[in-house]
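Shown next, in structure tokens, is the structure this report addresses.
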2 protein chains.
Amino acid sequence: MNNLPYQLLKQNIANHIEFSETEFEKYSRLFHLKKVAKKDYILRQGAICKFEGFVTKGCFRVLTHDRDGNEHVLYFAIQDWWITDIDSFTNQIPSFLSIQALEDSEVLLINKVDKDLSYEQFPKVEKLFRIMTQKTIVAMQRRLLRKQSQTADERYSYFLNQYPEIANKLTNRQLASYLGISHEFLSKIRKKLVSKKQ
Amino acid sequence: MNNLPYQLLKQNIANHIEFSETEFEKYSRLFHLKKVAKKDYILRQGAICKFEGFVTKGCFRVLTHDRDGNEHVLYFAIQDWWITDIDSFTNQIPSFLSIQALEDSEVLLINKVDKDLSYEQFPKVEKLFRIMTQKTIVAMQRRLLRKQSQTADERYSYFLNQYPEIANKLTNRQLASYLGISHEFLSKIRKKLVSKKQ
DNA sequence: CAAAAACATTGAACTAGTTCAATAAATAAA
DNA sequence: TTTATTTATTGAACTAGTTCAATGTTTTTG
């Protein structure tokens with residue numbers, strides 16, 4: 001397990017807790033690498049989410065379809081991000097979210113049985129995910145408040161600054177869907193910003 | 001510790017994990033009841049958050065001020081809700097959020113030292129807060145997607161249905177600030193909905 | 001209880017963002 | 001390499017939501 005994907009996972013965990021070599025060795029054996037082709041869905045809304053995933057390559061979008069059939073992107077996940085439908089995975093109920101690869105990608109997956117096992121066998125993993133979910137809440141709180149208080153072009157500029165590596169993998173339509181605006185309007189924002197800079 | 005506030009805390013915890021009588025007895029001793037007068041702030045943006053709180057009576061709003069000085073409500077908390085600035089409390093850094101009582105209220109508080117102690121002494125508490133933060137994420141993801149996909153009057157109706165006990169404690173201005181719209185527009189939405197129903 | 005302060009309502013003028021349709025450009029597929 | 005498909009851009013007409021100002025109502029405070 002000394003290859004790149006597992007090294008990335010090890011590094012990601014090390015950002016939150018201290019894990020001995022042996023502990024990580026055992027823990028990481030619960031994850032299996034999966035290659036996902038561009039455009040493939042690894043989760044479809046309504047299905048039961050069978051995995052929690054750690055992205056090691058490529059890019060995914062996590063989205064939902066509303067009653068009118070419109071897509072809304074919740075977030076994008078590149079290397080070093082986690083993907084799952086928490087509610088569906090934890091409670092094994094139909095998912096609210098879909099997850100699709102935007103390019104050829106790779107992800108380390110853990111299934112429900114092994115996930116539950118990991119909490120029993122490694123008390124530190126409980127802390128790890130408590131800390132990670134806390135950080136996620138903080139990020140989402142701020143994003144929600146930005147949605148309340150900022151205009152579309154402020155949110156667009158913020159995204160470009162904050163996530164340049166993600167931004168350059170996306171089409172305008174995908175980004176517009178994340179920002180919560182129409183792709184036509186995003187096009188107009190881009191035009192305005194370009195003309196301002198020159 | 002057999003009085004109402006602690007009973008509420010016990011019940012709240014029981015919704016997530018199983019705690020023996022003795023364990024709860026010891027754990028709950030880390031919390032202290034505080035009465036908060038209407039309009040008082042128990043946390044001000046920029047200060048370091050000294051507590052995590054469990055509301056046992058009354059109502060709080062958790063909000064932030066943007067650069068223009070406008071207030072934006074992140075959420076309201078009545079009996080059975082938790083309040084803190086997670087980032088500020090966990091990392092003891094200046095807070096992004098303010099927390100204010102909207103009426104005379106009561107809250108059970110735990111400080112940082114005791115909170116850290118609780119994770120060491122009670123492994124189950126780690127699980128408790130991992131589960132609670134996961135549920136919070138699910139709720140916030142859905143709220144964010146509603147903000148992307150629904151109009152103001154859909155979000156208003158949703159809130160009234162979902163949180164009637166909270167709604168009837170709020171002024172229009174407070175609710176408008178949570179919905180992310182002007183209070184004048186909320187007033188117009190209410191007018192429209194009333195006329196539709198009759 | 002009176003005065004002050006905060007709140008709700010309404011209309012008019014405005015602006016941010018949508019929708020639709022047309023055209024050009026880029027990507028993917030055969 | 002040609003064709004089909006998706007994507008980006010732009011303009012025009014529209015709509016959801018804002019801002020400002022005026023008026024009346026409720027709540028708070030001295």
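Scheme for the structure tokens: letters A, B, ... for chains in order shown; per-chain residue numbers from 1; ligand numbers from 1 in order shown.
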- Message: At a cut-off of 9 Å, which residues of chain A touch chain D? Count only C-alpha atoms (C1' of nucleotides) and give the answer as a list in words.
- Response: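 Only these qualify: Thr171, Asn172, Arg173, His183, Glu184, Ser187 and Lys188 of chain A.
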- Task: Dump as a list in words the residues of chain C that approach chain B to within 10 Å, counting only C-alpha atoms (C1' of nucleotides).
- Result: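 For chain C, the answer reads DC7, DA8, DT9 and DT10 of chain C.
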- Query: What are the residues of chain B that have an atom within 10 Å of an atom of chain A, counting only C-alpha atoms, as a ChimeraX atom specification?
  - Reply: /B:63-68,70-75,85-88,90,96-97,119,123-150,177-181
